[in-house]
>>> print(open('start.txt').read())   # compact mmCIF, C-alpha atoms (C1' of nucleotides)
# COMPACT_ATOMS: atom_id res chain seq x y z
CA MET K 1 -16.53 -3.13 1.25
CA SER K 2 -14.74 -0.30 -0.47
CA SER K 3 -12.21 1.85 1.35
CA ILE K 4 -14.34 5.00 1.11
CA GLN K 5 -17.22 3.22 2.73
CA LEU K 6 -14.95 2.06 5.51
CA VAL K 7 -13.69 5.58 6.01
CA LEU K 8 -17.23 6.94 6.23
CA LEU K 9 -18.25 4.24 8.70
CA SER K 10 -15.14 4.97 10.76
CA LEU K 11 -16.10 8.60 11.08
CA LEU K 12 -19.74 7.88 11.83
CA ALA K 13 -18.81 5.33 14.48
CA ARG K 14 -17.61 8.28 16.56
CA GLU K 15 -20.42 10.74 16.00
CA PRO K 16 -23.30 11.50 13.66
CA LEU K 17 -22.21 13.66 10.76
CA SER K 18 -23.35 15.02 7.43
CA GLY K 19 -21.55 14.33 4.19
CA TYR K 20 -20.15 17.82 4.19
CA ASP K 21 -18.88 17.44 7.74
CA MET K 22 -17.04 14.29 6.79
CA LYS K 23 -15.45 15.98 3.82
CA GLN K 24 -14.24 18.76 6.10
CA GLN K 25 -12.80 16.33 8.62
CA MET K 26 -10.92 14.55 5.89
CA LYS K 27 -9.39 17.76 4.58
CA GLY K 28 -7.11 18.29 7.54
CA ARG K 29 -4.38 15.70 7.37
CA ILE K 30 -3.98 15.82 11.14
CA ASN K 31 -7.48 14.95 12.12
CA PHE K 32 -7.71 12.33 9.46
CA PHE K 33 -5.21 10.83 7.08
CA TYR K 34 -6.79 8.95 4.25
CA LYS K 35 -6.10 10.17 0.75
CA ILE K 36 -9.16 12.25 0.48
CA ASN K 37 -11.59 11.85 -2.32
CA ASN K 38 -13.98 14.49 -3.12
CA ASN K 39 -17.34 13.63 -4.32
CA GLN K 40 -17.98 10.00 -4.78
CA LEU K 41 -18.71 10.53 -1.12
CA TYR K 42 -22.42 11.05 -1.70
CA PRO K 43 -22.95 7.93 -3.80
CA ALA K 44 -20.99 5.97 -1.18
CA LEU K 45 -23.20 7.36 1.58
CA SER K 46 -26.37 6.39 -0.29
CA LYS K 47 -25.02 2.93 -0.82
CA LEU K 48 -24.28 2.56 2.88
CA GLU K 49 -27.80 3.68 3.58
CA THR K 50 -29.45 1.16 1.26
CA GLU K 51 -27.27 -1.54 2.83
CA GLY K 52 -28.57 -0.54 6.24
CA LEU K 53 -25.16 0.27 7.71
CA VAL K 54 -26.03 3.91 8.10
CA GLN K 55 -29.25 5.83 8.53
CA LEU K 56 -30.51 9.34 8.23
CA GLN K 57 -30.82 10.77 11.71
CA SER K 58 -32.08 14.26 11.08
CA TYR K 59 -32.17 17.31 8.89
CA GLU K 60 -30.44 20.44 10.08
CA ARG K 61 -31.90 23.38 8.31
CA GLU K 62 -30.27 26.73 8.84
CA SER K 63 -32.41 29.45 7.31
CA TYR K 64 -31.42 29.93 3.70
CA ARG K 65 -28.94 27.08 3.39
CA PRO K 66 -29.61 23.66 1.90
CA ALA K 67 -30.68 21.19 4.55
CA LYS K 68 -27.84 19.29 6.17
CA LYS K 69 -28.49 15.57 6.19
CA ILE K 70 -27.08 14.11 9.36
CA TYR K 71 -26.33 10.41 9.24
CA LYS K 72 -25.66 7.98 12.06
CA ILE K 73 -24.19 4.52 12.02
CA THR K 74 -26.48 1.56 12.74
CA ASP K 75 -25.74 -1.43 14.99
CA MET K 76 -25.16 -3.44 11.85
CA GLY K 77 -22.70 -0.80 10.69
CA ILE K 78 -20.78 -1.02 13.95
CA GLU K 79 -20.69 -4.78 13.70
CA ARG K 80 -19.31 -4.64 10.18
CA LEU K 81 -16.62 -2.18 11.23
CA LYS K 82 -15.61 -4.33 14.18
CA GLU K 83 -15.31 -7.38 11.95
CA TRP K 84 -13.13 -5.46 9.51
CA VAL K 85 -10.86 -4.07 12.22
CA ILE K 86 -9.81 -7.41 13.66
CA LYS K 87 -9.48 -9.03 10.24
CA PRO K 88 -5.76 -9.46 9.56
CA SER K 89 -4.67 -6.96 6.93
CA GLU K 90 -2.01 -7.74 4.40
CA PRO K 91 1.22 -5.95 5.20
CA GLY K 92 2.33 -2.92 3.23
CA ASN K 93 -1.00 -1.16 3.06
CA TRP K 94 -0.20 1.79 5.22
CA ASP K 95 -3.46 3.70 4.83
CA GLU K 96 -5.47 0.65 5.67
CA PHE K 97 -3.39 0.10 8.77
CA LEU K 98 -3.94 3.67 9.91
CA LEU K 99 -7.66 3.33 9.33
CA MET K 100 -7.69 0.15 11.35
CA GLN K 101 -5.87 1.95 14.15
CA TYR K 102 -8.34 4.80 14.00
CA ASN K 103 -11.00 2.25 14.88
CA SER K 104 -8.98 0.43 17.49
CA TRP K 105 -11.08 1.84 20.32
CA LEU K 106 -13.85 -0.54 19.16
CA VAL K 107 -11.75 -3.59 19.97
CA ALA K 108 -10.90 -5.31 23.25
CA PRO K 109 -7.37 -4.42 24.44
CA GLU K 110 -6.24 -8.07 24.60
CA VAL K 111 -7.08 -8.52 20.93
CA LEU K 112 -5.27 -5.31 20.02
CA ILE K 113 -2.19 -6.30 21.96
CA ARG K 114 -1.95 -9.51 19.98
CA ILE K 115 -2.34 -7.61 16.71
CA MET K 116 0.35 -5.13 17.71
CA GLU K 117 2.75 -7.88 18.71
CA ASP K 118 2.36 -9.55 15.33
CA ARG K 119 2.82 -6.23 13.66
CA LYS K 120 5.97 -5.54 15.61
CA ARG K 121 7.51 -8.80 14.48
CA GLU K 122 6.73 -7.89 10.87
CA HIS K 123 8.52 -4.58 11.19
CA GLU K 124 11.51 -6.23 12.80
CA GLN K 125 11.63 -8.75 10.00
CA ARG K 126 11.62 -6.01 7.41
CA ILE K 127 14.39 -4.11 9.17
CA LYS K 128 16.54 -7.22 8.99
CA GLU K 129 15.85 -7.63 5.28
CA TYR K 130 16.70 -4.01 4.60
CA ARG K 131 19.96 -4.28 6.50
CA VAL K 132 20.97 -7.29 4.43
CA LYS K 133 20.08 -5.43 1.27
CA VAL K 134 22.11 -2.36 2.22
CA ALA K 135 25.10 -4.49 3.16
CA ALA K 136 24.92 -6.24 -0.22
CA LEU K 137 24.83 -2.94 -2.11
CA ARG K 138 27.67 -1.55 -0.04
CA GLU K 139 29.88 -4.54 -0.74
CA GLN K 140 29.54 -4.12 -4.50
CA ASN K 141 30.97 -0.62 -4.40
CA GLU K 142 33.34 0.59 -1.77
CA ARG K 143 32.77 4.28 -2.43
CA LEU K 144 29.26 5.45 -3.20
CA THR K 145 29.40 8.99 -4.53
CA SER K 146 26.25 10.94 -5.16
CA GLU K 147 26.26 10.48 -8.96
CA ASN K 148 26.04 6.74 -8.47
CA PRO K 149 22.51 5.32 -8.79
CA LEU K 150 23.33 3.07 -5.87
CA PHE K 151 23.78 6.16 -3.73
CA SER K 152 20.07 6.81 -4.18
CA SER K 153 19.17 3.16 -3.70
CA VAL K 154 21.02 2.93 -0.42
CA ALA K 155 19.53 6.24 0.70
CA LEU K 156 16.03 4.93 0.06
CA ILE K 157 16.60 1.71 1.94
CA GLU K 158 18.05 3.68 4.84
CA MET K 159 14.82 5.66 4.86
CA GLY K 160 12.97 2.36 4.93
CA ILE K 161 14.97 1.25 7.96
CA LEU K 162 14.21 4.48 9.80
CA PHE K 163 10.55 4.19 8.91
CA GLU K 164 10.24 0.59 10.05
CA SER K 165 12.11 1.45 13.24
CA SER K 166 9.62 4.15 14.07
CA CYS K 167 6.80 1.67 13.47
CA ARG K 168 8.41 -0.81 15.80
CA GLU K 169 8.87 1.85 18.43
CA TRP K 170 5.23 2.81 18.10
CA CYS K 171 4.10 -0.79 18.50
CA ASP K 172 6.07 -1.01 21.73
CA LYS K 173 4.48 2.16 22.97
CA MET K 174 0.99 0.97 22.06
CA ILE K 175 1.44 -2.39 23.75
CA ASP K 176 2.57 -0.53 26.82
CA CYS K 177 -0.39 1.81 26.82
CA LEU K 178 -2.84 -1.00 26.20
CA LYS K 179 -1.45 -3.03 29.09
CA LYS K 180 -1.94 -0.22 31.54
CA ASN K 181 -5.12 0.78 29.67
CA GLU K 182 -4.17 4.42 29.39
CA MET K 183 -2.76 6.57 26.68
CA MET S 1 3.35 13.09 -17.22
CA SER S 2 1.60 10.27 -15.38
CA SER S 3 3.18 8.58 -12.38
CA ILE S 4 3.56 5.24 -14.13
CA GLN S 5 5.47 6.86 -16.93
CA LEU S 6 7.75 8.52 -14.39
CA VAL S 7 8.33 5.21 -12.67
CA LEU S 8 9.25 3.53 -15.95
CA LEU S 9 11.59 6.35 -16.89
CA SER S 10 13.18 6.15 -13.45
CA LEU S 11 13.95 2.48 -13.90
CA LEU S 12 15.21 2.90 -17.46
CA ALA S 13 17.46 5.79 -16.44
CA ARG S 14 19.55 3.20 -14.62
CA GLU S 15 19.66 0.40 -17.15
CA PRO S 16 17.87 -0.86 -20.27
CA LEU S 17 15.03 -3.20 -19.38
CA SER S 18 12.05 -4.97 -20.84
CA GLY S 19 8.52 -4.40 -19.65
CA TYR S 20 8.56 -7.71 -17.88
CA ASP S 21 11.82 -6.88 -16.14
CA MET S 22 10.34 -3.66 -14.83
CA LYS S 23 7.30 -5.46 -13.54
CA GLN S 24 9.57 -7.88 -11.68
CA GLN S 25 11.63 -5.08 -10.16
CA MET S 26 8.50 -3.40 -8.92
CA LYS S 27 7.22 -6.54 -7.28
CA GLY S 28 9.86 -6.58 -4.56
CA ARG S 29 9.10 -3.78 -2.17
CA ILE S 30 12.74 -3.48 -1.21
CA ASN S 31 14.16 -2.80 -4.62
CA PHE S 32 11.34 -0.53 -5.48
CA PHE S 33 8.45 0.93 -3.60
CA TYR S 34 5.76 2.40 -5.77
CA LYS S 35 2.29 0.95 -5.45
CA ILE S 36 2.68 -1.48 -8.24
CA ASN S 37 0.29 -1.57 -11.08
CA ASN S 38 0.10 -4.49 -13.28
CA ASN S 39 -0.59 -4.10 -16.85
CA GLN S 40 -1.20 -0.63 -18.00
CA LEU S 41 2.55 -0.90 -18.13
CA TYR S 42 2.60 -1.85 -21.81
CA PRO S 43 0.38 0.99 -22.99
CA ALA S 44 2.48 3.38 -20.90
CA LEU S 45 5.66 2.06 -22.48
CA SER S 46 4.26 2.50 -25.99
CA LYS S 47 3.24 6.00 -25.14
CA LEU S 48 6.71 6.83 -23.89
CA GLU S 49 8.07 5.42 -27.13
CA THR S 50 5.85 7.52 -29.38
CA GLU S 51 6.82 10.57 -27.32
CA GLY S 52 10.46 9.77 -27.96
CA LEU S 53 11.42 9.47 -24.30
CA VAL S 54 12.26 5.81 -24.64
CA GLN S 55 13.36 3.63 -27.55
CA LEU S 56 13.54 -0.02 -28.42
CA GLN S 57 17.12 -1.12 -28.03
CA SER S 58 16.98 -4.79 -28.94
CA TYR S 59 15.06 -8.02 -28.97
CA GLU S 60 16.21 -10.81 -26.76
CA ARG S 61 14.92 -14.06 -28.10
CA GLU S 62 15.46 -17.15 -26.02
CA SER S 63 14.49 -20.27 -27.97
CA TYR S 64 10.78 -20.94 -27.55
CA ARG S 65 9.88 -17.88 -25.51
CA PRO S 66 8.28 -14.72 -26.81
CA ALA S 67 10.88 -12.12 -27.74
CA LYS S 68 11.86 -9.77 -24.94
CA LYS S 69 11.68 -6.16 -26.02
CA ILE S 70 14.47 -4.27 -24.31
CA TYR S 71 13.93 -0.53 -24.03
CA LYS S 72 16.41 2.19 -23.23
CA ILE S 73 15.86 5.78 -22.21
CA THR S 74 16.68 8.56 -24.68
CA ASP S 75 18.53 11.81 -23.96
CA MET S 76 15.19 13.56 -24.09
CA GLY S 77 13.86 11.08 -21.53
CA ILE S 78 16.75 11.81 -19.18
CA GLU S 79 16.16 15.53 -19.55
CA ARG S 80 12.50 15.17 -18.73
CA LEU S 81 13.28 13.11 -15.65
CA LYS S 82 15.84 15.64 -14.44
CA GLU S 83 13.33 18.45 -14.84
CA TRP S 84 10.76 16.52 -12.87
CA VAL S 85 13.15 15.64 -10.05
CA ILE S 86 14.09 19.21 -9.17
CA LYS S 87 10.54 20.47 -9.57
CA PRO S 88 9.20 21.21 -6.07
CA SER S 89 6.67 18.55 -5.10
CA GLU S 90 3.66 19.32 -2.97
CA PRO S 91 4.07 17.97 0.54
CA GLY S 92 2.26 14.87 1.65
CA ASN S 93 2.78 12.80 -1.43
CA TRP S 94 5.04 10.19 0.01
CA ASP S 95 5.34 7.94 -3.02
CA GLU S 96 6.24 10.83 -5.22
CA PHE S 97 8.90 11.92 -2.78
CA LEU S 98 10.41 8.45 -2.74
CA LEU S 99 10.41 8.37 -6.51
CA MET S 100 12.13 11.71 -6.58
CA GLN S 101 14.75 10.39 -4.17
CA TYR S 102 15.23 7.31 -6.29
CA ASN S 103 16.32 9.66 -9.05
CA SER S 104 18.41 11.93 -6.87
CA TRP S 105 21.66 10.62 -8.36
CA LEU S 106 20.75 12.59 -11.51
CA VAL S 107 20.93 15.89 -9.66
CA ALA S 108 23.84 18.02 -8.48
CA PRO S 109 24.49 17.60 -4.73
CA GLU S 110 24.13 21.32 -4.00
CA VAL S 111 20.63 21.31 -5.43
CA LEU S 112 19.72 18.21 -3.47
CA ILE S 113 21.04 19.68 -0.26
CA ARG S 114 18.75 22.65 -0.66
CA ILE S 115 15.78 20.39 -1.34
CA MET S 116 16.55 18.30 1.72
CA GLU S 117 16.87 21.35 3.93
CA ASP S 118 13.47 22.62 2.84
CA ARG S 119 12.05 19.18 3.38
CA LYS S 120 13.52 18.99 6.86
CA ARG S 121 11.84 22.23 7.83
CA GLU S 122 8.51 20.88 6.61
CA HIS S 123 8.84 17.81 8.79
CA GLU S 124 9.78 19.90 11.79
CA GLN S 125 6.79 22.09 11.20
CA ARG S 126 4.49 19.11 11.09
CA ILE S 127 5.95 17.67 14.28
CA LYS S 128 5.13 20.92 16.03
CA GLU S 129 1.55 20.87 14.76
CA TYR S 130 1.08 17.29 15.88
CA ARG S 131 2.39 18.07 19.35
CA VAL S 132 -0.09 20.92 19.69
CA LYS S 133 -2.88 18.64 18.55
CA VAL S 134 -1.99 15.91 21.02
CA ALA S 135 -1.76 18.39 23.86
CA ALA S 136 -5.21 19.74 22.98
CA LEU S 137 -6.73 16.25 22.97
CA ARG S 138 -5.03 15.35 26.23
CA GLU S 139 -6.37 18.43 27.94
CA GLN S 140 -9.96 17.58 27.10
CA ASN S 141 -9.78 14.25 28.87
CA GLU S 142 -7.50 13.56 31.75
CA ARG S 143 -7.70 9.78 31.49
CA LEU S 144 -7.77 8.21 28.05
CA THR S 145 -8.76 4.57 28.35
CA SER S 146 -8.68 2.28 25.36
CA GLU S 147 -12.45 2.32 24.75
CA ASN S 148 -12.29 6.06 24.22
CA PRO S 149 -12.18 7.12 20.54
CA LEU S 150 -9.65 9.75 21.56
CA PHE S 151 -7.32 6.96 22.67
CA SER S 152 -7.09 5.94 19.02
CA SER S 153 -6.82 9.51 17.81
CA VAL S 154 -3.92 10.27 20.11
CA ALA S 155 -2.27 6.98 19.18
CA LEU S 156 -2.44 7.91 15.51
CA ILE S 157 -0.98 11.34 15.99
CA GLU S 158 1.80 9.84 18.09
CA MET S 159 2.54 7.59 15.14
CA GLY S 160 2.61 10.68 12.97
CA ILE S 161 5.15 12.29 15.26
CA LEU S 162 7.38 9.23 15.17
CA PHE S 163 7.07 9.08 11.40
CA GLU S 164 7.92 12.73 10.88
CA SER S 165 10.82 12.41 13.29
CA SER S 166 12.30 9.58 11.28
CA CYS S 167 11.93 11.71 8.15
CA ARG S 168 13.74 14.57 9.81
CA GLU S 169 16.50 12.26 10.96
CA TRP S 170 16.85 10.95 7.44
CA CYS S 171 17.08 14.45 5.99
CA ASP S 172 19.93 15.19 8.40
CA LYS S 173 21.68 12.05 7.37
CA MET S 174 21.26 12.80 3.69
CA ILE S 175 22.55 16.35 4.02
CA ASP S 176 25.55 14.97 5.82
CA CYS S 177 26.24 12.35 3.15
CA LEU S 178 25.76 14.84 0.35
CA LYS S 179 28.19 17.28 1.93
CA LYS S 180 30.96 14.72 2.14
CA ASN S 181 29.73 13.24 -1.17
CA GLU S 182 29.64 9.70 0.14
CA MET S 183 26.95 7.39 1.36
C1' DT E 1 -2.68 -33.54 -14.81
C1' DT E 2 -2.43 -29.41 -12.77
C1' DA E 3 -0.16 -25.44 -11.93
C1' DC E 4 3.39 -22.28 -12.42
C1' DT E 5 7.11 -19.31 -15.05
C1' DC E 6 8.33 -16.44 -18.94
C1' DA E 7 6.67 -12.46 -21.94
C1' DT E 8 3.74 -10.07 -24.49
C1' DG E 9 -0.57 -7.75 -24.63
C1' DT E 10 -6.10 -6.48 -24.42
C1' DA E 11 -10.83 -5.79 -22.29
C1' DA E 12 -13.88 -4.84 -18.81
C1' DA E 13 -14.83 -3.12 -14.40
C1' DA E 14 -13.94 -0.50 -10.50
C1' DG E 15 -12.14 3.48 -8.31
C1' DG E 16 -10.80 8.38 -8.16
C1' DT E 17 -10.42 13.25 -9.74
C1' DT E 18 -12.02 17.45 -11.72
C1' DA E 19 -15.41 20.32 -13.04
C1' DC E 20 -19.86 21.79 -12.90
C1' DA E 21 -24.77 23.09 -11.13
C1' DT E 22 -27.76 25.22 -7.60
C1' DG E 23 -28.68 29.29 -4.52
C1' DA E 24 -28.56 32.34 -0.53
C1' DT E 25 -25.12 34.95 2.06
C1' DT E 26 -21.04 37.30 3.60
C1' DA E 27 -16.52 39.60 2.90
C1' DC E 28 -13.34 42.47 -0.02
C1' DG M 1 -18.87 42.85 -8.78
C1' DT M 2 -16.10 39.12 -7.73
C1' DA M 3 -15.05 35.57 -4.92
C1' DA M 4 -15.64 32.65 -1.09
C1' DT M 5 -18.48 29.63 2.25
C1' DC M 6 -22.11 26.36 3.09
C1' DA M 7 -24.38 21.93 1.34
C1' DT M 8 -26.14 19.02 -1.71
C1' DG M 9 -25.43 16.35 -5.82
C1' DT M 10 -24.21 14.84 -11.09
C1' DA M 11 -21.30 14.10 -15.40
C1' DA M 12 -17.24 13.36 -17.76
C1' DC M 13 -12.99 11.96 -17.62
C1' DC M 14 -8.77 9.62 -16.20
C1' DT M 15 -6.35 6.01 -13.64
C1' DT M 16 -5.95 1.51 -11.58
C1' DT M 17 -7.06 -3.19 -10.85
C1' DT M 18 -8.51 -7.67 -12.21
C1' DA M 19 -9.09 -10.93 -15.41
C1' DC M 20 -8.21 -12.96 -19.58
C1' DA M 21 -5.54 -14.68 -23.94
C1' DT M 22 -1.49 -16.85 -26.12
C1' DG M 23 1.91 -20.70 -26.06
C1' DA M 24 6.08 -23.32 -25.05
C1' DG M 25 8.33 -25.42 -21.00
C1' DT M 26 9.18 -27.10 -16.38
C1' DA M 27 8.21 -28.98 -11.75
C1' DA M 28 4.81 -31.34 -8.45
>>> encode(input="start.txt", output="structure tokens")
Amino acid sequence: MSSIQLVLLSLLAREPLSGYDMKQQMKGRINFFYKINNNQLYPALSKLETEGLVQLQSYERESYRPAKKIYKITDMGIERLKEWVIKPSEPGNWDEFLLMQYNSWLVAPEVLIRIMEDRKREHEQRIKEYRVKVAALREQNERLTSENPLFSSVALIEMGILFESSCREWCDKMIDCLKKNEM
Amino acid sequence: MSSIQLVLLSLLAREPLSGYDMKQQMKGRINFFYKINNNQLYPALSKLETEGLVQLQSYERESYRPAKKIYKITDMGIERLKEWVIKPSEPGNWDEFLLMQYNSWLVAPEVLIRIMEDRKREHEQRIKEYRVKVAALREQNERLTSENPLFSSVALIEMGILFESSCREWCDKMIDCLKKNEM
DNA sequence: TTACTCATGTAAAAGGTTACATGATTAC
DNA sequence: GTAATCATGTAACCTTTTACATGAGTAA
């Protein structure tokens, strides 16, 4: 299943929406996050419909305007989403991970806790690797001034370490919230 | 200029390389970061060559193997890269920001400091927005259990806050390093 | 024998972006 | 009168991914 289709299903799993509504929701980076694509949305919706993962619920006609086609997810659609969410994702695909998290409410807490614990170990592993890398670069040159390409390299890896640390921290927090079953 | 071309220029600004070498460097996520594309690399290289931003430096022939074509960046290529680096990038494009940082050694520290200070303000702004958003969601429901879609929504925004915080922290660090001109 | 590495490259397919078309309405 | 909003959708283009092709060598 393509990522757009998964995004559409993820939105419809929460509430029935029209294509236009979904586009609007995806515009705000806060409400949603995925790199937003404009208008292969409608073909994707039709495809979901022919596959039976989504169905037309109603038309909302407001006087002069074109009719709004409200879609809802089917049981089959929900099932497909659930399967995708617990499927282990390859590391490094950030958007996919966020999308999976967005659907985490569909999954039993115990399962999620296990996923988060694995995830946490991955982040810790990467932090270690980055530290080794930085140490290696630092050893080569004792003074890294800002005209040195390695200045930029080290800076980037330091960013990586901060990023991975925040991921680890978040995993901890999530595990905590899941255990007491409250956010 | 396309992003692949910028990535290739960024690598060549540091040292002459063959297409294959660049591909290898991009494989490891630590050394480089960009979502790595396979093989429109060669067309992109040729295009850079015809535009005069890159030139063939030498052939490295090792016995039986196909000759390695080593490219180096031209003065014009360096100029183009420098122009691109200081050009203000629209917020939200993470990969582009990392690529810009990867080339930061080409830019005068004073200029970079200004860029980082702007950037820091952006992150702070976004943190504020996220906090408002979380508060709004929390008010709607007093208890957010894990089967509630809002549980996932809040979790995602919390991740956003942690992410933006690590960006802000990094900006601070960078400004500091740039001021004392040492990493 | 099979599979992988080195190194170049091409072709086809999938995915994504931009621009356009419709048509009534509201705001400047 | 111009532009924007609401809502659907299509067409053309550009980018990205996947797969293939070559061909010697090396490791299981």
>>> interface_residues(input="start.txt", of="chain M", to="chain S", cutoff="8 Å", atoms="only C-alpha atoms (C1' of nucleotides)", output="short mmCIF file (atom, residue, chain, number, x, y, z; two decimals) with C-alpha atoms (C1' of nucleotides), keeping the file's coordinate frame")
data_model
loop_
_atom_site.label_atom_id
_atom_site.label_comp_id
_atom_site.auth_asym_id
_atom_site.auth_seq_id
_atom_site.Cartn_x
_atom_site.Cartn_y
_atom_site.Cartn_z
"C1'" DT M 16 -5.95 1.51 -11.58
"C1'" DT M 17 -7.06 -3.19 -10.85
"C1'" DA M 24 6.08 -23.32 -25.05
#
>>> closest_residue(input="start.txt", among="S:Gly160, S:Pro16, S:Gly77, S:Gly52", to="chain K", atoms="only C-alpha atoms")
S:Gly160
>>> interface_residues(input="start.txt", of="chain E", to="chain K", cutoff="8 Å", atoms="all atoms listed in the file", output="list in words")
DG16, DT17 and DA24 of chain E
>>> write_last_selection(input="start.txt", atoms="C-alpha atoms (C1' of nucleotides)", output="PDB file, in the coordinates of the input")
ATOM      1  C1'  DG E  16     -10.800   8.380  -8.160  1.00  0.00           C
ATOM      2  C1'  DT E  17     -10.420  13.250  -9.740  1.00  0.00           C
ATOM      3  C1'  DA E  24     -28.560  32.340  -0.530  1.00  0.00           C
TER       4       DA E  24
END
>>> closest_atom_pairs(input="start.txt", of="chain S", to="chain K", cutoff="9 Å", atoms="all atoms listed in the file", output="Markdown table")
| residue | atom | partner | partner_atom | distance |
| --- | --- | --- | --- | --- |
| S:Arg14 | CA | K:Pro149 | CA | 6.9 |
| S:Arg29 | CA | K:Gly92 | CA | 8.7 |
| S:Ile30 | CA | K:Tyr130 | CA | 7.1 |
| S:Asn31 | CA | K:Ser153 | CA | 7.8 |
| S:Phe32 | CA | K:Ser153 | CA | 8.8 |
| S:Gly92 | CA | K:Arg29 | CA | 8.8 |
| S:Leu98 | CA | K:Leu156 | CA | 7.2 |
| S:Gln101 | CA | K:Ser152 | CA | 6.4 |
| S:Tyr102 | CA | K:Ser152 | CA | 5.3 |
| S:Asn103 | CA | K:Ser152 | CA | 6.8 |
| S:Ser104 | CA | K:Ser152 | CA | 6.0 |
| S:Trp105 | CA | K:Glu147 | CA | 4.6 |
| S:Leu106 | CA | K:Glu147 | CA | 6.4 |
| S:Val107 | CA | K:Glu147 | CA | 7.6 |
| S:Ala108 | CA | K:Glu147 | CA | 7.9 |
| S:Pro109 | CA | K:Ser146 | CA | 6.9 |
| S:Glu129 | CA | K:Ile30 | CA | 8.3 |
| S:Tyr130 | CA | K:Ile30 | CA | 7.1 |
| S:Lys133 | CA | K:Ile30 | CA | 8.0 |
| S:Arg143 | CA | K:Glu182 | CA | 6.8 |
| S:Leu144 | CA | K:Glu182 | CA | 5.4 |
| S:Thr145 | CA | K:Glu182 | CA | 4.7 |
| S:Ser146 | CA | K:Trp105 | CA | 5.6 |
| S:Glu147 | CA | K:Trp105 | CA | 4.7 |
| S:Asn148 | CA | K:Trp105 | CA | 5.9 |
| S:Pro149 | CA | K:Trp105 | CA | 5.4 |
| S:Leu150 | CA | K:Trp105 | CA | 8.1 |
| S:Phe151 | CA | K:Met183 | CA | 6.1 |
| S:Ser152 | CA | K:Tyr102 | CA | 5.3 |
| S:Ser153 | CA | K:Tyr102 | CA | 6.2 |
| S:Val154 | CA | K:Met183 | CA | 7.6 |
| S:Ala155 | CA | K:Met174 | CA | 7.4 |
| S:Leu156 | CA | K:Tyr102 | CA | 6.8 |
| S:Ile157 | CA | K:Ile30 | CA | 7.3 |
| S:Glu158 | CA | K:Trp170 | CA | 7.8 |
| S:Met159 | CA | K:Trp170 | CA | 6.2 |
| S:Gly160 | CA | K:Ile30 | CA | 8.6 |
| S:Leu162 | CA | K:Ser166 | CA | 5.7 |
| S:Phe163 | CA | K:Ser166 | CA | 6.2 |
| S:Ser165 | CA | K:Ser166 | CA | 8.4 |
| S:Ser166 | CA | K:Leu162 | CA | 5.6 |
| S:Cys167 | CA | K:Met159 | CA | 7.5 |
| S:Glu169 | CA | K:Leu162 | CA | 8.2 |
| S:Trp170 | CA | K:Met159 | CA | 6.2 |
| S:Met174 | CA | K:Ala155 | CA | 7.4 |
| S:Cys177 | CA | K:Ser146 | CA | 8.4 |
| S:Leu178 | CA | K:Ser146 | CA | 6.8 |
| S:Lys180 | CA | K:Thr145 | CA | 8.9 |
| S:Asn181 | CA | K:Thr145 | CA | 5.4 |
| S:Glu182 | CA | K:Thr145 | CA | 4.7 |
| S:Met183 | CA | K:Leu144 | CA | 5.5 |
>>> residues_near_point(input="start.txt", point="(13.9, -6.8, -30.2)", cutoff="12 Å", atoms="only C-alpha atoms (C1' of nucleotides)", output="ChimeraX atom specification")
/S:17-18,55-62,66-72
>>> residues_around(input="start.txt", residues="DA21 (chain M)", least_positions_apart="4", cutoff="12 Å", atoms="only C-alpha atoms (C1' of nucleotides)", output="list in words")
DT8, DG9, DT10 and DA11 of chain E
>>> closest_residue(input="start.txt", among="S:Leu48, S:Met76, S:Ile127, S:Ile86", to="Leu6 (chain S)", atoms="all atoms listed in the file")
S:Leu48
>>> atom_distance(input="start.txt", atom1="C1' of DT2 (chain M)", atom2="CA of Lys23 (chain K)")
25.9 Å
>>> atom_distance(input="start.txt", atom1="CA of Val85 (chain K)", atom2="CA of Ser10 (chain K)")
10.1 Å
>>> atom_distance(input="start.txt", atom1="CA of Asp95 (chain S)", atom2="CA of Gln24 (chain S)")
18.5 Å
>>> residues_around(input="start.txt", residues="DG9 (chain M)", least_positions_apart="2", cutoff="10 Å", atoms="only C-alpha atoms (C1' of nucleotides)", output="VMD selection string")
(chain K and resid 39 to 40 42 to 43) or (chain E and resid 21 to 22) or (chain M and resid 7)
